[in-house]
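Shown next: coords_9.pdb, given as PDB, C-alpha atoms.
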```
ATOM      1  CA  MET T   1     284.613-159.678  61.144
ATOM      2  CA  ALA T   2     282.495-156.557  61.126
ATOM      3  CA  GLY T   3     281.641-154.376  58.141
ATOM      4  CA  ILE T   4     279.292-154.888  55.201
ATOM      5  CA  SER T   5     279.236-157.673  52.617
ATOM      6  CA  THR T   6     276.743-158.765  50.002
ATOM      7  CA  HIS T   7     275.875-161.632  47.677
ATOM      8  CA  VAL T   8     273.715-161.338  44.587
ATOM      9  CA  LEU T   9     271.814-164.438  43.527
ATOM     10  CA  ASP T  10     269.912-164.928  40.299
ATOM     11  CA  ALA T  11     266.926-166.850  41.631
ATOM     12  CA  GLN T  12     265.513-167.273  38.132
ATOM     13  CA  ARG T  13     268.484-169.367  37.062
ATOM     14  CA  GLY T  14     269.512-170.634  40.479
ATOM     15  CA  ARG T  15     273.056-169.373  40.384
ATOM     16  CA  PRO T  16     275.175-166.409  41.422
ATOM     17  CA  ALA T  17     274.504-163.201  39.524
ATOM     18  CA  ALA T  18     277.848-162.182  38.053
ATOM     19  CA  GLY T  19     278.602-158.755  36.618
ATOM     20  CA  VAL T  20     275.967-156.859  38.631
ATOM     21  CA  ARG T  21     276.964-153.281  39.341
ATOM     22  CA  ILE T  22     276.434-152.172  42.935
ATOM     23  CA  ASP T  23     276.727-148.566  44.035
ATOM     24  CA  LEU T  24     277.508-147.827  47.673
ATOM     25  CA  SER T  25     276.373-144.542  49.208
ATOM     26  CA  ILE T  26     276.365-143.218  52.757
ATOM     27  CA  ARG T  27     273.728-141.000  54.320
ATOM     28  CA  GLU T  28     274.853-137.423  54.825
ATOM     29  CA  GLY T  29     272.244-135.031  56.130
ATOM     30  CA  ASP T  30     269.246-135.194  53.812
ATOM     31  CA  GLY T  31     271.135-136.812  50.963
ATOM     32  CA  TRP T  32     273.308-139.721  50.004
ATOM     33  CA  ARG T  33     277.022-139.399  49.323
ATOM     34  CA  PHE T  34     278.220-141.779  46.613
ATOM     35  CA  VAL T  35     281.233-143.774  47.789
ATOM     36  CA  LYS T  36     282.066-146.370  45.145
ATOM     37  CA  SER T  37     280.815-148.778  42.501
ATOM     38  CA  MET T  38     281.552-152.480  42.590
ATOM     39  CA  THR T  39     280.782-155.350  40.224
ATOM     40  CA  THR T  40     279.955-158.852  41.384
ATOM     41  CA  ASN T  41     282.383-161.627  40.487
ATOM     42  CA  ALA T  42     281.571-165.123  39.224
ATOM     43  CA  ASP T  43     280.445-166.065  42.745
ATOM     44  CA  GLY T  44     278.000-163.149  42.899
ATOM     45  CA  ARG T  45     280.108-161.436  45.546
ATOM     46  CA  THR T  46     282.359-158.412  45.537
ATOM     47  CA  ASP T  47     286.114-159.085  45.433
ATOM     48  CA  GLY T  48     286.710-156.981  48.543
ATOM     49  CA  PRO T  49     284.476-155.980  51.435
ATOM     50  CA  VAL T  50     281.680-153.536  50.626
ATOM     51  CA  VAL T  51     282.658-151.706  53.795
ATOM     52  CA  ALA T  52     285.684-152.930  55.744
ATOM     53  CA  ALA T  53     285.454-153.368  59.493
ATOM     54  CA  ALA T  54     287.804-150.443  60.080
ATOM     55  CA  ASP T  55     285.587-148.144  57.999
ATOM     56  CA  ALA T  56     282.247-149.168  59.524
ATOM     57  CA  LYS T  57     280.461-146.389  61.366
ATOM     58  CA  VAL T  58     277.010-146.156  62.864
ATOM     59  CA  GLY T  59     274.789-144.679  60.190
ATOM     60  CA  GLU T  60     272.702-145.349  57.130
ATOM     61  CA  TYR T  61     274.052-147.052  54.050
ATOM     62  CA  GLN T  62     272.617-147.585  50.592
ATOM     63  CA  LEU T  63     273.352-150.381  48.162
ATOM     64  CA  GLU T  64     271.905-149.861  44.702
ATOM     65  CA  PHE T  65     271.818-153.177  42.875
ATOM     66  CA  HIS T  66     271.519-152.654  39.118
ATOM     67  CA  ILE T  67     269.665-155.895  38.614
ATOM     68  CA  ASP T  68     267.508-154.317  35.894
ATOM     69  CA  ASP T  69     270.633-153.870  33.765
ATOM     70  CA  TYR T  70     271.766-157.394  34.659
ATOM     71  CA  PHE T  71     268.533-159.002  33.461
ATOM     72  CA  LYS T  72     268.344-156.813  30.362
ATOM     73  CA  THR T  73     271.749-158.097  29.219
ATOM     74  CA  LEU T  74     270.758-161.751  29.449
ATOM     75  CA  PRO T  75     269.742-163.231  26.104
ATOM     76  CA  ASP T  76     266.377-164.672  27.193
ATOM     77  CA  ALA T  77     265.358-161.940  29.622
ATOM     78  CA  ALA T  78     261.962-160.338  29.527
ATOM     79  CA  GLU T  79     261.845-156.672  30.440
ATOM     80  CA  PRO T  80     262.154-156.680  34.223
ATOM     81  CA  PHE T  81     259.428-155.471  36.590
ATOM     82  CA  VAL T  82     261.979-154.730  39.294
ATOM     83  CA  ASP T  83     263.910-151.552  38.566
ATOM     84  CA  ASP T  84     267.246-150.842  40.201
ATOM     85  CA  ALA T  85     266.892-152.440  43.643
ATOM     86  CA  VAL T  86     267.843-149.889  46.277
ATOM     87  CA  VAL T  87     268.473-151.272  49.750
ATOM     88  CA  ARG T  88     268.858-148.807  52.599
ATOM     89  CA  PHE T  89     269.852-150.091  55.997
ATOM     90  CA  ALA T  90     271.622-148.952  59.128
ATOM     91  CA  ILE T  91     274.720-150.095  60.943
ATOM     92  CA  PHE T  92     273.605-149.742  64.550
ATOM     93  CA  ASP T  93     276.551-151.549  66.165
ATOM     94  CA  VAL T  94     279.975-151.383  64.506
ATOM     95  CA  LYS T  95     281.099-154.548  66.261
ATOM     96  CA  GLN T  96     278.573-156.582  64.267
ATOM     97  CA  HIS T  97     278.812-157.701  60.669
ATOM     98  CA  TYR T  98     276.097-156.807  58.174
ATOM     99  CA  HIS T  99     275.643-159.279  55.348
ATOM    100  CA  VAL T 100     272.974-158.004  52.981
ATOM    101  CA  PRO T 101     272.158-160.475  50.198
ATOM    102  CA  MET T 102     270.023-159.707  47.162
ATOM    103  CA  LEU T 103     267.963-162.535  45.685
ATOM    104  CA  CYS T 104     266.414-161.474  42.416
ATOM    105  CA  THR T 105     264.445-162.442  39.352
ATOM    106  CA  PRO T 106     263.101-160.061  36.692
ATOM    107  CA  GLY T 107     259.786-159.965  38.582
ATOM    108  CA  SER T 108     260.881-160.009  42.211
ATOM    109  CA  CYS T 109     263.596-159.254  44.696
ATOM    110  CA  THR T 110     264.334-160.146  48.296
ATOM    111  CA  THR T 111     266.825-158.812  50.774
ATOM    112  CA  TYR T 112     267.433-159.446  54.444
ATOM    113  CA  ARG T 113     270.087-159.317  57.101
ATOM    114  CA  GLY T 114     271.966-162.520  56.404
ATOM    115  CA  SER T 115     275.038-164.151  57.857
TER     116      SER T 115
ATOM    117  CA  MET K 116     288.626-172.876  56.628
ATOM    118  CA  ASP K 117     287.641-171.986  60.140
ATOM    119  CA  ARG K 118     283.958-171.862  59.348
ATOM    120  CA  PRO K 119     281.604-174.005  57.329
ATOM    121  CA  LEU K 120     281.563-173.399  53.618
ATOM    122  CA  LEU K 121     278.397-171.579  52.629
ATOM    123  CA  THR K 122     276.824-172.889  49.488
ATOM    124  CA  ARG K 123     274.175-170.778  47.851
ATOM    125  CA  ARG K 124     271.461-173.095  49.073
ATOM    126  CA  SER K 125     272.714-173.148  52.643
ATOM    127  CA  LEU K 126     273.066-169.369  52.572
ATOM    128  CA  VAL K 127     269.427-168.901  51.709
ATOM    129  CA  ILE K 128     268.376-171.289  54.455
ATOM    130  CA  ALA K 129     270.704-169.605  56.920
ATOM    131  CA  GLY K 130     269.252-166.232  56.001
ATOM    132  CA  ALA K 131     265.674-167.379  56.448
ATOM    133  CA  GLY K 132     266.567-169.061  59.733
ATOM    134  CA  GLY K 133     268.271-165.920  60.940
ATOM    135  CA  MET K 134     265.157-163.920  60.173
ATOM    136  CA  ALA K 135     262.983-166.323  62.154
ATOM    137  CA  ALA K 136     265.406-166.334  65.073
ATOM    138  CA  ALA K 137     265.544-162.554  65.123
ATOM    139  CA  SER K 138     261.757-162.379  65.076
ATOM    140  CA  THR K 139     261.417-164.741  68.013
ATOM    141  CA  GLY K 140     263.971-162.832  70.049
ATOM    142  CA  ALA K 141     262.438-159.447  69.409
ATOM    143  CA  LEU K 142     258.918-160.726  70.022
ATOM    144  CA  ALA K 143     259.957-161.966  73.436
ATOM    145  CA  GLN K 144     261.192-158.488  74.319
ATOM    146  CA  THR K 145     257.979-156.735  73.368
ATOM    147  CA  SER K 146     255.435-158.525  75.503
ATOM    148  CA  PRO K 147     254.356-155.981  78.168
ATOM    149  CA  PRO K 148     253.497-152.661  76.427
ATOM    150  CA  ALA K 149     251.765-153.137  73.101
ATOM    151  CA  PRO K 150     250.409-149.750  71.956
ATOM    152  CA  GLN K 151     248.229-151.339  69.307
ATOM    153  CA  LYS K 152     247.574-154.751  67.869
ATOM    154  CA  PRO K 153     248.595-155.685  64.350
ATOM    155  CA  GLY K 154     245.766-156.201  61.907
ATOM    156  CA  ALA K 155     243.764-159.385  62.346
ATOM    157  CA  LEU K 156     243.208-161.921  59.594
ATOM    158  CA  THR K 157     239.502-161.527  59.042
ATOM    159  CA  VAL K 158     239.051-161.333  55.300
ATOM    160  CA  ALA K 159     239.763-163.566  52.336
ATOM    161  CA  PRO K 160     242.222-162.561  49.618
ATOM    162  CA  THR K 161     240.951-160.020  47.106
ATOM    163  CA  SER K 162     240.590-160.979  43.475
ATOM    164  CA  GLN K 163     241.119-158.332  40.847
ATOM    165  CA  ALA K 164     239.937-160.461  37.961
ATOM    166  CA  GLY K 165     237.999-158.488  35.367
ATOM    167  CA  LEU K 166     239.137-155.095  36.598
ATOM    168  CA  GLY K 167     240.695-152.416  34.421
ATOM    169  CA  PRO K 168     244.273-151.139  34.427
ATOM    170  CA  ARG K 169     245.485-150.190  37.875
ATOM    171  CA  LEU K 170     248.350-150.258  40.312
ATOM    172  CA  THR K 171     247.568-151.850  43.648
ATOM    173  CA  MET K 172     249.698-152.856  46.607
ATOM    174  CA  HIS K 173     249.495-155.145  49.596
ATOM    175  CA  ALA K 174     251.714-154.878  52.668
ATOM    176  CA  ILE K 175     252.199-158.128  54.559
ATOM    177  CA  ASP K 176     253.834-158.189  57.982
ATOM    178  CA  ASN K 177     255.906-161.383  58.110
ATOM    179  CA  PHE K 178     257.018-160.545  61.639
ATOM    180  CA  HIS K 179     253.535-160.774  63.163
ATOM    181  CA  GLY K 180     251.973-162.919  60.450
ATOM    182  CA  THR K 181     249.286-160.340  59.733
ATOM    183  CA  PRO K 182     248.385-157.751  57.110
ATOM    184  CA  GLY K 183     250.608-154.696  57.361
ATOM    185  CA  ALA K 184     247.912-152.290  58.585
ATOM    186  CA  GLY K 185     248.665-148.609  59.045
ATOM    187  CA  MET K 186     251.778-148.591  56.879
ATOM    188  CA  VAL K 187     252.485-145.156  55.441
ATOM    189  CA  CYS K 188     253.653-145.362  51.812
ATOM    190  CA  ASP K 189     254.853-142.541  49.551
ATOM    191  CA  LEU K 190     254.400-143.144  45.821
ATOM    192  CA  SER K 191     256.536-141.228  43.358
ATOM    193  CA  ILE K 192     257.480-141.467  39.703
ATOM    194  CA  ARG K 193     260.868-141.000  38.097
ATOM    195  CA  ASP K 194     261.243-137.542  36.621
ATOM    196  CA  GLY K 195     264.675-136.676  35.251
ATOM    197  CA  ASP K 196     267.287-137.563  37.819
ATOM    198  CA  GLY K 197     264.887-137.692  40.730
ATOM    199  CA  TYR K 198     261.474-138.896  41.830
ATOM    200  CA  ARG K 199     258.384-136.675  41.765
ATOM    201  CA  PRO K 200     255.908-137.362  44.617
ATOM    202  CA  LEU K 201     252.459-138.506  43.479
ATOM    203  CA  LYS K 202     250.632-139.377  46.692
ATOM    204  CA  THR K 203     250.953-140.721  50.206
ATOM    205  CA  VAL K 204     248.640-143.488  51.381
ATOM    206  CA  THR K 205     248.183-145.481  54.573
ATOM    207  CA  THR K 206     247.229-149.144  54.413
ATOM    208  CA  SER K 207     243.877-150.224  55.852
ATOM    209  CA  PRO K 208     243.396-153.195  58.237
ATOM    210  CA  THR K 209     243.646-155.491  55.189
ATOM    211  CA  GLY K 210     247.172-154.267  54.450
ATOM    212  CA  ARG K 211     245.911-152.524  51.312
ATOM    213  CA  PRO K 212     245.125-148.849  50.848
ATOM    214  CA  ALA K 213     241.383-148.132  50.630
ATOM    215  CA  ASP K 214     241.753-147.314  46.928
ATOM    216  CA  PRO K 215     244.178-148.475  44.236
ATOM    217  CA  LEU K 216     247.333-146.390  44.049
ATOM    218  CA  LEU K 217     246.603-145.529  40.405
ATOM    219  CA  VAL K 218     243.600-146.382  38.229
ATOM    220  CA  ASP K 219     242.930-146.199  34.484
ATOM    221  CA  ASP K 220     244.302-142.970  32.985
ATOM    222  CA  ALA K 221     246.277-142.192  36.139
ATOM    223  CA  LEU K 222     248.419-145.271  35.465
ATOM    224  CA  LYS K 223     251.256-144.022  33.287
ATOM    225  CA  ALA K 224     254.193-145.956  31.941
ATOM    226  CA  GLY K 225     257.306-145.150  33.917
ATOM    227  CA  ARG K 226     259.647-145.964  36.733
ATOM    228  CA  TYR K 227     258.050-145.793  40.154
ATOM    229  CA  GLU K 228     259.213-145.764  43.747
ATOM    230  CA  LEU K 229     257.039-146.701  46.708
ATOM    231  CA  LEU K 230     258.680-145.658  49.961
ATOM    232  CA  LEU K 231     257.500-147.742  52.931
ATOM    233  CA  HIS K 232     257.764-146.339  56.450
ATOM    234  CA  VAL K 233     258.820-149.664  57.952
ATOM    235  CA  GLU K 234     260.561-148.398  61.070
ATOM    236  CA  ALA K 235     257.608-146.200  62.047
ATOM    237  CA  TYR K 236     255.266-149.134  61.426
ATOM    238  CA  PHE K 237     257.062-151.415  63.879
ATOM    239  CA  GLN K 238     257.587-148.606  66.396
ATOM    240  CA  ALA K 239     253.832-148.000  66.454
ATOM    241  CA  LEU K 240     253.340-151.680  67.259
ATOM    242  CA  GLY K 241     255.753-151.448  70.190
ATOM    243  CA  VAL K 242     258.402-153.685  68.646
ATOM    244  CA  LYS K 243     261.772-153.094  70.270
ATOM    245  CA  LEU K 244     264.208-152.062  67.542
ATOM    246  CA  PRO K 245     267.869-151.100  67.399
ATOM    247  CA  SER K 246     268.689-147.418  66.957
ATOM    248  CA  PRO K 247     269.044-146.596  64.157
ATOM    249  CA  ASN K 248     266.921-149.521  63.010
ATOM    250  CA  PHE K 249     268.285-151.867  60.343
ATOM    251  CA  LEU K 250     265.433-150.814  58.034
ATOM    252  CA  GLY K 251     263.982-147.307  58.159
ATOM    253  CA  LEU K 252     262.352-146.096  54.948
ATOM    254  CA  VAL K 253     262.293-148.918  52.418
ATOM    255  CA  PRO K 254     262.329-147.936  48.735
ATOM    256  CA  VAL K 255     260.513-150.327  46.405
ATOM    257  CA  ARG K 256     261.350-149.562  42.793
ATOM    258  CA  PHE K 257     259.521-151.048  39.840
ATOM    259  CA  VAL K 258     258.612-150.340  36.237
ATOM    260  CA  VAL K 259     255.192-150.029  34.592
ATOM    261  CA  ARG K 260     255.578-150.666  30.861
ATOM    262  CA  ASP K 261     252.092-151.537  29.611
ATOM    263  CA  VAL K 262     249.297-149.316  30.916
ATOM    264  CA  THR K 263     246.621-151.693  29.646
ATOM    265  CA  GLN K 264     247.613-154.228  32.310
ATOM    266  CA  ARG K 265     246.954-154.525  36.026
ATOM    267  CA  TYR K 266     249.989-154.231  38.281
ATOM    268  CA  HIS K 267     249.759-155.671  41.771
ATOM    269  CA  LEU K 268     252.654-155.095  44.134
ATOM    270  CA  PRO K 269     252.778-157.265  47.255
ATOM    271  CA  ILE K 270     255.485-156.401  49.780
ATOM    272  CA  LEU K 271     256.416-158.898  52.497
ATOM    273  CA  PHE K 272     258.443-157.343  55.272
ATOM    274  CA  SER K 273     259.891-157.782  58.747
ATOM    275  CA  PRO K 274     262.303-155.563  60.697
ATOM    276  CA  TRP K 275     265.142-157.543  59.090
ATOM    277  CA  GLY K 276     264.225-157.895  55.469
ATOM    278  CA  TYR K 277     261.659-157.590  52.737
ATOM    279  CA  SER K 278     260.571-159.033  49.464
ATOM    280  CA  TYR K 279     258.454-157.658  46.665
ATOM    281  CA  TYR K 280     257.301-158.951  43.333
ATOM    282  CA  ARG K 281     254.801-158.451  40.568
ATOM    283  CA  GLY K 282     251.740-160.209  41.936
ATOM    284  CA  SER K 283     248.221-160.694  40.633
TER     285      SER K 283
END
```
Go ahead and express the file in the form of structure tokens.
Amino acid sequence: MAGISTHVLDAQRGRPAAGVRIDLSIREGDGWRFVKSMTTNADGRTDGPVVAAADAKVGEYQLEFHIDDYFKTLPDAAEPFVDDAVVRFAIFDVKQHYHVPMLCTPGSCTTYRGS
Amino acid sequence: MDRPLLTRRSLVIAGAGGMAAASTGALAQTSPPAPQKPGALTVAPTSQAGLGPRLTMHAIDNFHGTPGAGMVCDLSIRDGDGYRPLKTVTTSPTGRPADPLLVDDALKAGRYELLLHVEAYFQALGVKLPSPNFLGLVPVRFVVRDVTQRYHLPILFSPWGYSYYRGS
């Protein structure tokens, strides 16, 4: 299945990060056009695809992970070093799937093309 | 289920494995024309012990296993709804800019963005990339809260992913 999916993991606690807001935008000219906001479920994933296969086009996409807000709401959280984590990446082949996980702690974040 | 169940642990391993596999494949494609060589590992890590407040960075190329030399980085600070450019630096052969990004009074509390020119970096090294590349300009966003502290920002990157954290 092609399209875009994600998975947010709280690497400080070693479990999925639930309730993280993610904003999807698409590159248009010099700017970014906001498409939709999603919130991660108990598994740290979005209930539906971030971008469905039928909607995938070659171009640049942006996922803004509001992990700063996520960590601020946790009872024991220190003030995070990582601000909103903005991941910009391109779909270069619509026949491929793009899984873009976000592994985060208050002091670090990691993203990569996953599977 | 028609595919193996991905646990969180297996997902992380699968992701890391995928990164390594991608690196090997792309490396194999790049052998003949190499416009320049990535930075060599010739110096020991730098200690900042005893230094005053500052913001420093270190770009590390996890694709070649070298410092990220020659990486263009644009530093800006949050101002209203946008980011106001502060300076553009290029990393030296050690993967660090020649000078700290901000020192002493120049280090203000605020929300910062460091924009890394990752696609241009790998293009300059002759790495064969998709078009458009998976990563182009990589925004690294972080917060400076206490200007009496040192903030070190290492960024580990490949064409397929990156990681950054508050280092020391």
For chain T against chain K, which residues fall within 9 Å using all atoms listed in the file, given as a PyMOL selection string? chain T and resi 9+14-16+58-60+79-93+101+103+105-115
Expressed in Å to a single decimal, how great is the separation between CA of Ala53 in chain T and CA of Phe34 in chain T? 18.8 Å
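Our summary of the geometry notes that CA of Ser283 in chain K is positioned 25.8 Å from CA of Val8 in chain T.
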Applying the PyMOL selection byres ((chain T and resi 38) around 10) to the file I just gave you, which residues come out? Please list them as number ranges by chain. T: 19-24, 36-37, 39-41, 45-50, 65
For the provided coordinates, the residues matched by the PyMOL selection byres ((chain K and resi 264) around 8) should be stated as a ChimeraX atom specification. /K:167-169,261-263,265-266
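CA of Phe71 in chain T to CA of Gly44 in chain T spans 14.0 Å [interatomic distance, one decimal].
Remark: for Ala213 in chain K, the closest of the candidate residues K:Gly185, K:Gly195, K:Pro200, K:Gly165 is K:Gly185 (distances computed over all atoms listed in the file).
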Run the PyMOL selection byres ((chain K and resi 171) around 6) against the file shown and list the residues it catches, as number ranges by chain. K: 170, 172, 215-216, 267
